[in-house]
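Dumped input-v9.cif below, it's mmCIF, N, CA and C atoms:
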data_coords
loop_
_atom_site.label_atom_id
_atom_site.label_comp_id
_atom_site.auth_asym_id
_atom_site.auth_seq_id
_atom_site.Cartn_x
_atom_site.Cartn_y
_atom_site.Cartn_z
N MET L 1 44.91 -52.59 -69.69
CA MET L 1 44.60 -51.21 -69.91
C MET L 1 45.36 -50.32 -68.94
N TYR L 2 46.00 -50.91 -67.96
CA TYR L 2 46.79 -50.10 -67.03
C TYR L 2 48.15 -49.83 -67.62
N TRP L 3 48.62 -48.63 -67.45
CA TRP L 3 49.94 -48.25 -67.89
C TRP L 3 50.93 -48.54 -66.77
N LYS L 4 52.19 -48.33 -67.05
CA LYS L 4 53.22 -48.52 -66.03
C LYS L 4 52.87 -47.70 -64.79
N ASP L 5 53.06 -48.27 -63.63
CA ASP L 5 52.79 -47.64 -62.34
C ASP L 5 51.30 -47.39 -62.09
N GLU L 6 50.43 -48.13 -62.78
CA GLU L 6 49.00 -48.01 -62.53
C GLU L 6 48.48 -49.35 -62.01
N ARG L 7 47.45 -49.28 -61.20
CA ARG L 7 46.78 -50.50 -60.73
C ARG L 7 45.36 -50.13 -60.34
N ALA L 8 44.53 -51.11 -60.19
CA ALA L 8 43.16 -50.87 -59.75
C ALA L 8 43.14 -50.72 -58.24
N ILE L 9 42.33 -49.81 -57.77
CA ILE L 9 42.14 -49.62 -56.34
C ILE L 9 40.69 -49.92 -56.04
N ILE L 10 40.44 -50.75 -55.04
CA ILE L 10 39.08 -51.13 -54.68
C ILE L 10 38.68 -50.38 -53.42
N THR L 11 37.50 -49.81 -53.43
CA THR L 11 36.99 -49.13 -52.25
C THR L 11 35.69 -49.81 -51.84
N ASP L 12 35.20 -49.54 -50.60
CA ASP L 12 33.97 -50.21 -50.22
C ASP L 12 32.73 -49.47 -50.72
N SER L 13 32.76 -48.53 -50.38
CA SER L 13 31.47 -47.95 -50.71
C SER L 13 30.91 -48.54 -52.08
N TYR L 14 26.96 -57.58 -79.17
CA TYR L 14 26.27 -56.48 -78.87
C TYR L 14 25.60 -55.83 -80.02
N ARG L 15 24.78 -54.91 -79.28
CA ARG L 15 23.90 -54.27 -80.25
C ARG L 15 23.90 -52.78 -79.98
N GLN L 16 22.75 -52.25 -79.66
CA GLN L 16 22.63 -50.83 -79.36
C GLN L 16 22.94 -50.61 -77.89
N PRO L 17 23.47 -49.44 -77.54
CA PRO L 17 23.70 -49.15 -76.13
C PRO L 17 22.37 -49.15 -75.38
N ILE L 18 22.37 -49.70 -74.16
CA ILE L 18 21.15 -49.70 -73.38
C ILE L 18 21.06 -48.39 -72.62
N SER L 19 19.85 -47.98 -72.31
CA SER L 19 19.66 -46.66 -71.75
C SER L 19 19.86 -46.61 -70.24
N ALA L 20 19.51 -47.68 -69.53
CA ALA L 20 19.65 -47.68 -68.07
C ALA L 20 21.13 -47.67 -67.72
N MET L 21 21.55 -46.69 -66.93
CA MET L 21 22.95 -46.58 -66.57
C MET L 21 23.20 -47.29 -65.26
N ALA L 22 23.70 -48.51 -65.34
CA ALA L 22 24.00 -49.28 -64.14
C ALA L 22 25.40 -49.00 -63.64
N ILE L 23 26.21 -48.33 -64.46
CA ILE L 23 27.59 -48.01 -64.13
C ILE L 23 27.75 -46.50 -64.34
N GLU L 24 28.59 -45.88 -63.53
CA GLU L 24 28.83 -44.44 -63.65
C GLU L 24 30.32 -44.19 -63.84
N LEU L 25 30.67 -43.26 -64.72
CA LEU L 25 32.05 -42.85 -64.92
C LEU L 25 32.20 -41.41 -64.45
N THR L 26 33.26 -41.14 -63.70
CA THR L 26 33.57 -39.76 -63.34
C THR L 26 34.22 -39.10 -64.55
N PRO L 27 34.28 -37.78 -64.57
CA PRO L 27 34.97 -37.11 -65.69
C PRO L 27 36.42 -37.58 -65.85
N ALA L 28 37.13 -37.84 -64.77
CA ALA L 28 38.52 -38.31 -64.86
C ALA L 28 38.59 -39.69 -65.51
N ALA L 29 37.68 -40.59 -65.13
CA ALA L 29 37.66 -41.93 -65.73
C ALA L 29 37.29 -41.85 -67.20
N SER L 30 36.32 -41.00 -67.53
CA SER L 30 35.93 -40.82 -68.93
C SER L 30 37.10 -40.33 -69.76
N ALA L 31 37.83 -39.35 -69.23
CA ALA L 31 38.97 -38.81 -69.97
C ALA L 31 40.04 -39.87 -70.21
N ARG L 32 40.31 -40.70 -69.20
CA ARG L 32 41.32 -41.75 -69.34
C ARG L 32 40.88 -42.78 -70.37
N MET L 33 39.62 -43.19 -70.31
CA MET L 33 39.11 -44.17 -71.27
C MET L 33 39.07 -43.58 -72.68
N ARG L 34 38.71 -42.31 -72.80
CA ARG L 34 38.68 -41.66 -74.10
C ARG L 34 40.09 -41.63 -74.71
N ASP L 35 41.09 -41.42 -73.87
CA ASP L 35 42.48 -41.44 -74.32
C ASP L 35 42.84 -42.81 -74.89
N PHE L 36 42.48 -43.88 -74.19
CA PHE L 36 42.75 -45.24 -74.68
C PHE L 36 42.05 -45.48 -76.00
N LEU L 37 40.77 -45.12 -76.06
CA LEU L 37 40.00 -45.37 -77.27
C LEU L 37 40.53 -44.54 -78.45
N GLY L 38 41.03 -43.35 -78.17
CA GLY L 38 41.60 -42.53 -79.23
C GLY L 38 42.83 -43.16 -79.87
N LYS L 39 43.55 -43.93 -79.09
CA LYS L 39 44.75 -44.62 -79.60
C LYS L 39 44.40 -45.94 -80.29
N HIS L 40 43.16 -46.39 -80.10
CA HIS L 40 42.69 -47.66 -80.70
C HIS L 40 41.30 -47.44 -81.28
N PRO L 41 41.20 -46.69 -82.38
CA PRO L 41 39.88 -46.31 -82.91
C PRO L 41 39.03 -47.48 -83.40
N SER L 42 39.64 -48.63 -83.65
CA SER L 42 38.84 -49.77 -84.10
C SER L 42 38.18 -50.52 -82.94
N ALA L 43 38.56 -50.22 -81.70
CA ALA L 43 37.96 -50.89 -80.54
C ALA L 43 36.51 -50.45 -80.40
N PRO L 44 35.59 -51.40 -80.17
CA PRO L 44 34.19 -51.04 -80.03
C PRO L 44 33.84 -50.37 -78.70
N GLY L 45 34.79 -50.31 -77.77
CA GLY L 45 34.53 -49.69 -76.48
C GLY L 45 35.54 -50.17 -75.45
N VAL L 46 35.22 -49.91 -74.20
CA VAL L 46 36.04 -50.35 -73.07
C VAL L 46 35.29 -51.45 -72.35
N ARG L 47 35.96 -52.56 -72.12
CA ARG L 47 35.33 -53.68 -71.40
C ARG L 47 35.63 -53.56 -69.91
N PHE L 48 34.56 -53.60 -69.10
CA PHE L 48 34.66 -53.56 -67.65
C PHE L 48 34.05 -54.83 -67.11
N GLY L 49 34.77 -55.51 -66.22
CA GLY L 49 34.25 -56.76 -65.68
C GLY L 49 34.97 -57.16 -64.41
N ILE L 50 34.84 -58.44 -64.10
CA ILE L 50 35.46 -59.01 -62.92
C ILE L 50 36.13 -60.32 -63.28
N LYS L 51 37.05 -60.75 -62.43
CA LYS L 51 37.65 -62.07 -62.56
C LYS L 51 37.92 -62.59 -61.16
N ARG L 52 37.95 -63.90 -61.03
CA ARG L 52 38.29 -64.50 -59.74
C ARG L 52 39.77 -64.29 -59.49
N THR L 53 40.07 -63.68 -58.35
CA THR L 53 41.46 -63.41 -58.02
C THR L 53 41.57 -62.98 -56.56
N GLY L 54 42.75 -63.00 -56.03
CA GLY L 54 43.00 -62.48 -54.69
C GLY L 54 42.37 -63.28 -53.59
N CYS L 55 42.54 -62.78 -52.38
CA CYS L 55 42.07 -63.50 -51.21
C CYS L 55 40.60 -63.24 -50.89
N SER L 56 39.98 -62.24 -51.52
CA SER L 56 38.57 -61.96 -51.25
C SER L 56 37.65 -62.47 -52.34
N GLY L 57 38.17 -62.93 -53.46
CA GLY L 57 37.30 -63.57 -54.44
C GLY L 57 37.31 -62.96 -55.83
N PHE L 58 37.16 -61.63 -55.96
CA PHE L 58 37.05 -61.01 -57.27
C PHE L 58 37.94 -59.78 -57.38
N GLY L 59 38.39 -59.53 -58.59
CA GLY L 59 39.10 -58.30 -58.92
C GLY L 59 38.45 -57.69 -60.14
N TYR L 60 38.63 -56.41 -60.32
CA TYR L 60 38.06 -55.71 -61.47
C TYR L 60 38.99 -55.83 -62.66
N THR L 61 38.41 -55.83 -63.86
CA THR L 61 39.17 -55.79 -65.09
C THR L 61 38.68 -54.61 -65.93
N VAL L 62 39.61 -53.89 -66.51
CA VAL L 62 39.31 -52.80 -67.43
C VAL L 62 40.28 -52.95 -68.59
N ASP L 63 39.74 -53.07 -69.79
CA ASP L 63 40.58 -53.27 -70.96
C ASP L 63 39.82 -52.80 -72.19
N LEU L 64 40.51 -52.72 -73.31
CA LEU L 64 39.82 -52.42 -74.56
C LEU L 64 38.96 -53.61 -74.93
N ALA L 65 37.75 -53.36 -75.37
CA ALA L 65 36.88 -54.43 -75.85
C ALA L 65 37.40 -54.86 -77.23
N ARG L 66 37.55 -56.14 -77.42
CA ARG L 66 37.98 -56.66 -78.73
C ARG L 66 36.77 -56.88 -79.62
N GLU L 67 35.65 -57.22 -78.98
CA GLU L 67 34.39 -57.46 -79.69
C GLU L 67 33.24 -57.31 -78.71
N VAL L 68 32.04 -57.24 -79.24
CA VAL L 68 30.83 -57.20 -78.42
C VAL L 68 30.04 -58.44 -78.78
N THR L 69 29.74 -59.26 -77.78
CA THR L 69 29.02 -60.51 -78.02
C THR L 69 27.56 -60.38 -77.60
N GLY L 70 26.78 -61.38 -77.90
CA GLY L 70 25.36 -61.39 -77.54
C GLY L 70 25.12 -61.38 -76.04
N ASP L 71 26.13 -61.79 -75.25
CA ASP L 71 26.00 -61.81 -73.79
C ASP L 71 26.41 -60.49 -73.15
N ASP L 72 26.82 -59.51 -73.94
CA ASP L 72 27.29 -58.24 -73.40
C ASP L 72 26.18 -57.21 -73.30
N LYS L 73 26.31 -56.35 -72.32
CA LYS L 73 25.48 -55.16 -72.20
C LYS L 73 26.39 -53.98 -72.50
N VAL L 74 25.92 -53.05 -73.29
CA VAL L 74 26.72 -51.90 -73.68
C VAL L 74 26.05 -50.64 -73.12
N PHE L 75 26.83 -49.87 -72.37
CA PHE L 75 26.36 -48.63 -71.78
C PHE L 75 27.06 -47.47 -72.49
N GLU L 76 26.30 -46.48 -72.91
CA GLU L 76 26.88 -45.27 -73.51
C GLU L 76 26.97 -44.25 -72.40
N LEU L 77 28.20 -43.95 -71.96
CA LEU L 77 28.43 -43.03 -70.86
C LEU L 77 29.38 -41.94 -71.30
N ASP L 78 28.92 -40.73 -71.35
CA ASP L 78 29.76 -39.59 -71.71
C ASP L 78 30.48 -39.83 -73.03
N GLY L 79 29.78 -40.43 -73.98
CA GLY L 79 30.37 -40.70 -75.28
C GLY L 79 31.25 -41.93 -75.35
N ILE L 80 31.35 -42.67 -74.26
CA ILE L 80 32.18 -43.88 -74.20
C ILE L 80 31.26 -45.09 -74.12
N LYS L 81 31.55 -46.08 -74.94
CA LYS L 81 30.81 -47.34 -74.87
C LYS L 81 31.51 -48.25 -73.87
N LEU L 82 30.81 -48.55 -72.79
CA LEU L 82 31.33 -49.43 -71.76
C LEU L 82 30.65 -50.78 -71.93
N VAL L 83 31.44 -51.82 -72.19
CA VAL L 83 30.95 -53.16 -72.48
C VAL L 83 31.09 -54.01 -71.23
N VAL L 84 29.97 -54.61 -70.78
CA VAL L 84 29.97 -55.43 -69.56
C VAL L 84 29.29 -56.76 -69.88
N ASP L 85 29.95 -57.87 -69.57
CA ASP L 85 29.35 -59.19 -69.74
C ASP L 85 28.14 -59.29 -68.81
N ALA L 86 27.05 -59.81 -69.31
CA ALA L 86 25.81 -59.90 -68.52
C ALA L 86 26.00 -60.69 -67.23
N LYS L 87 26.90 -61.67 -67.22
CA LYS L 87 27.15 -62.46 -66.01
C LYS L 87 27.83 -61.63 -64.92
N ALA L 88 28.61 -60.63 -65.31
CA ALA L 88 29.31 -59.78 -64.34
C ALA L 88 28.43 -58.65 -63.83
N LEU L 89 27.40 -58.30 -64.57
CA LEU L 89 26.59 -57.13 -64.23
C LEU L 89 26.02 -57.14 -62.81
N PRO L 90 25.51 -58.25 -62.29
CA PRO L 90 25.01 -58.22 -60.91
C PRO L 90 26.08 -57.88 -59.87
N PHE L 91 27.33 -58.15 -60.18
CA PHE L 91 28.43 -57.88 -59.26
C PHE L 91 28.92 -56.44 -59.33
N VAL L 92 28.71 -55.78 -60.48
CA VAL L 92 29.24 -54.43 -60.68
C VAL L 92 28.17 -53.37 -60.89
N GLU L 93 26.91 -53.77 -60.91
CA GLU L 93 25.84 -52.80 -61.13
C GLU L 93 25.87 -51.73 -60.05
N GLY L 94 25.79 -50.49 -60.47
CA GLY L 94 25.84 -49.37 -59.53
C GLY L 94 27.23 -48.87 -59.23
N THR L 95 28.26 -49.49 -59.80
CA THR L 95 29.64 -49.09 -59.53
C THR L 95 29.94 -47.73 -60.16
N ARG L 96 30.62 -46.90 -59.41
CA ARG L 96 31.14 -45.63 -59.92
C ARG L 96 32.63 -45.82 -60.15
N ILE L 97 33.06 -45.59 -61.38
CA ILE L 97 34.47 -45.75 -61.74
C ILE L 97 35.10 -44.36 -61.80
N ASP L 98 36.19 -44.20 -61.07
CA ASP L 98 36.93 -42.94 -61.06
C ASP L 98 38.35 -43.24 -61.52
N TYR L 99 39.11 -42.21 -61.79
CA TYR L 99 40.52 -42.35 -62.14
C TYR L 99 41.26 -41.32 -61.30
N ALA L 100 42.21 -41.78 -60.50
CA ALA L 100 42.89 -40.88 -59.57
C ALA L 100 44.40 -40.99 -59.70
N ARG L 101 45.05 -39.86 -59.52
CA ARG L 101 46.51 -39.79 -59.49
C ARG L 101 46.93 -39.46 -58.07
N GLU L 102 47.93 -40.18 -57.60
CA GLU L 102 48.50 -39.91 -56.28
C GLU L 102 50.01 -40.02 -56.41
N GLY L 103 50.66 -38.89 -56.39
CA GLY L 103 52.10 -38.89 -56.60
C GLY L 103 52.42 -39.35 -58.01
N LEU L 104 53.31 -40.35 -58.12
CA LEU L 104 53.67 -40.88 -59.42
C LEU L 104 52.72 -41.97 -59.90
N ASN L 105 51.81 -42.42 -59.05
CA ASN L 105 50.90 -43.50 -59.38
C ASN L 105 49.56 -42.96 -59.86
N ALA L 106 48.91 -43.74 -60.70
CA ALA L 106 47.57 -43.42 -61.18
C ALA L 106 46.81 -44.73 -61.32
N ALA L 107 45.51 -44.70 -61.05
CA ALA L 107 44.73 -45.93 -61.09
C ALA L 107 43.25 -45.64 -61.24
N PHE L 108 42.54 -46.62 -61.79
CA PHE L 108 41.09 -46.59 -61.74
C PHE L 108 40.70 -46.93 -60.31
N VAL L 109 39.69 -46.25 -59.80
CA VAL L 109 39.20 -46.48 -58.44
C VAL L 109 37.74 -46.87 -58.57
N PHE L 110 37.35 -47.94 -57.90
CA PHE L 110 35.99 -48.48 -58.02
C PHE L 110 35.23 -48.31 -56.72
N HIS L 111 34.06 -47.70 -56.80
CA HIS L 111 33.15 -47.55 -55.67
C HIS L 111 31.95 -48.44 -55.97
N ASN L 112 31.97 -49.65 -55.43
CA ASN L 112 30.97 -50.66 -55.77
C ASN L 112 30.03 -50.88 -54.58
N PRO L 113 28.74 -50.51 -54.72
CA PRO L 113 27.81 -50.70 -53.61
C PRO L 113 27.51 -52.17 -53.32
N ASN L 114 27.87 -53.08 -54.21
CA ASN L 114 27.64 -54.51 -54.01
C ASN L 114 28.75 -55.19 -53.23
N ALA L 115 29.91 -54.55 -53.13
CA ALA L 115 31.04 -55.14 -52.42
C ALA L 115 30.77 -55.13 -50.93
N THR L 116 30.86 -56.29 -50.33
CA THR L 116 30.61 -56.40 -48.88
C THR L 116 31.90 -56.51 -48.09
N GLY L 117 33.03 -56.61 -48.79
CA GLY L 117 34.31 -56.68 -48.11
C GLY L 117 35.43 -56.64 -49.13
N ALA L 118 36.62 -56.37 -48.64
CA ALA L 118 37.81 -56.35 -49.49
C ALA L 118 38.96 -56.95 -48.70
N CYS L 119 39.94 -57.48 -49.40
CA CYS L 119 41.08 -58.04 -48.72
C CYS L 119 41.94 -56.90 -48.15
N GLY L 120 42.84 -57.23 -47.26
CA GLY L 120 43.66 -56.23 -46.61
C GLY L 120 44.52 -55.43 -47.56
N CYS L 121 44.96 -56.03 -48.66
CA CYS L 121 45.82 -55.31 -49.60
C CYS L 121 44.99 -54.49 -50.59
N GLY L 122 43.67 -54.67 -50.61
CA GLY L 122 42.81 -53.87 -51.47
C GLY L 122 42.78 -54.31 -52.92
N GLU L 123 43.27 -55.50 -53.23
CA GLU L 123 43.31 -55.96 -54.61
C GLU L 123 42.09 -56.78 -55.03
N SER L 124 41.28 -57.23 -54.08
CA SER L 124 40.11 -58.03 -54.43
C SER L 124 38.95 -57.72 -53.48
N PHE L 125 37.75 -58.13 -53.89
CA PHE L 125 36.55 -57.83 -53.11
C PHE L 125 35.63 -59.03 -53.05
N THR L 126 34.69 -58.99 -52.12
CA THR L 126 33.69 -60.03 -51.92
C THR L 126 32.31 -59.45 -52.15
N VAL L 127 31.43 -60.27 -52.70
CA VAL L 127 30.04 -59.89 -52.86
C VAL L 127 29.23 -60.99 -52.18
N ALA L 128 29.01 -60.82 -50.88
CA ALA L 128 28.40 -61.88 -50.06
C ALA L 128 26.97 -62.17 -50.45
N GLU L 129 26.19 -61.15 -50.84
CA GLU L 129 24.79 -61.39 -51.14
C GLU L 129 24.61 -62.30 -52.34
N GLN L 130 25.65 -62.43 -53.17
CA GLN L 130 25.60 -63.35 -54.30
C GLN L 130 25.99 -64.76 -53.86
N GLY L 131 26.48 -64.87 -52.62
CA GLY L 131 26.90 -66.17 -52.14
C GLY L 131 28.21 -66.62 -52.78
N ILE L 132 28.93 -65.68 -53.36
CA ILE L 132 30.17 -66.03 -54.05
C ILE L 132 31.29 -65.16 -53.50
N GLY L 133 32.46 -65.72 -53.44
CA GLY L 133 33.64 -64.97 -52.98
C GLY L 133 34.27 -65.71 -51.82
N ALA L 134 35.54 -65.57 -51.70
CA ALA L 134 36.24 -66.20 -50.60
C ALA L 134 35.99 -65.41 -49.35
N GLY L 135 36.11 -66.00 -48.25
CA GLY L 135 35.83 -65.26 -47.06
C GLY L 135 36.89 -65.34 -46.10
#
Let me see the structure of the file written as structure tokens.
Amino acid sequence: MYWKDERAIITDSYRQPISAMAIELTPAASARMRDFLGKHPSAPGVRFGIKRTGCSGFGYTVDLAREVTGDDKVFELDGIKLVVDAKALPFVEGTRIDYAREGLNAAFVFHNPNATGACGCGESFTVAEQGIGAG
């Protein structure tokens, strides 16, 4: 879902959409996701999750959802369906997703209250209370 010269920046700090908002989108992130969805109207939403990567354990993933499965939680945020795998939810619950431009670069920025650390390059994070992540 990242365009040329975009990357994720980490900071420290289906069925029907569920009502509890465990994830928050800023207006800039909503606008960026709405742009992606407008170009792919058949996509059921935007998938937000994590994958094992980097020296701290996890990295964020943001992409078009190809489908919504029984293990997914769907959040309706500012008219955008955000699809999150139930297994990833404890790691990303409470995350605020922003979209920022700095010079020629632009990226989604994640403010995850569950992250207990990040690697020096800022590409991955640790969630120590889950007992998972490289240290």
With 3 Å on each side, where is the centre of the axis-aligned box around all listed atoms of segment 74-92 of chain L, and how long are its edges in Å to one decimal, as lines of an AutoDock Vina configuration file?
center_x = 28.6
center_y = -51.0
center_z = -67.3
size_x = 13.2
size_y = 28.9
size_z = 22.1
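Taking atom N of Asp72 of chain L and atom CA of Ala118 of chain L as the two end points, the separation is 27.0 Å.
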- May I ask for the distance between atom CA of Ala88 of chain L and atom N of Ile50 of chain L, given in Å to one decimal place?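 Spanning atom CA of Ala88 of chain L to atom N of Ile50 of chain L is a straight-line distance of 5.7 Å.
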- Query: Got a sec: who's within 8 Å of segment 30-46 of chain L, counting all atoms listed in the file, leaving out chain neighbours fewer than 3 positions off, as a count of residues only?
  - Reply: 25
- Query: Which is closest to Phe110 of chain L among L:Lys51, L:Lys87, L:Arg96, L:Lys73, if we use only C-alpha atoms?
  - Reply: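 Of L:Lys51, L:Lys87, L:Arg96, L:Lys73, the one nearest Phe110 of chain L, counting only C-alpha atoms, is L:Arg96.
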- strand (DSSP E) per DSSP on the backbone: members of segment 11-113 of chain L, as a VMD selection string: chain L and resid 11 24 to 25 46 to 53 57 to 64 72 to 77 80 to 85 96 to 102 105 to 111
- Task: Figure out the distance between atom CA of Gly120 of chain L and atom C of Asp85 of chain L, please, to one decimal in Å.
- Result: 27.3 Å
- Applied to this file, what does the PyMOL selection byres (((chain L and resi 95 and name CA) around 10) and name CA) return in terms of residues, put as a list in words?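 Selected by the PyMOL selection byres (((chain L and resi 95 and name CA) around 10) and name CA) in this file: Ser13, Ala22, Ile23, Glu24, Leu25, Leu89, Phe91, Val92, Glu93, Gly94, Arg96, Ile97, Asp98, Val109, Phe110, His111, Asn112, Pro113, Asn114 and Ala115 of chain L.
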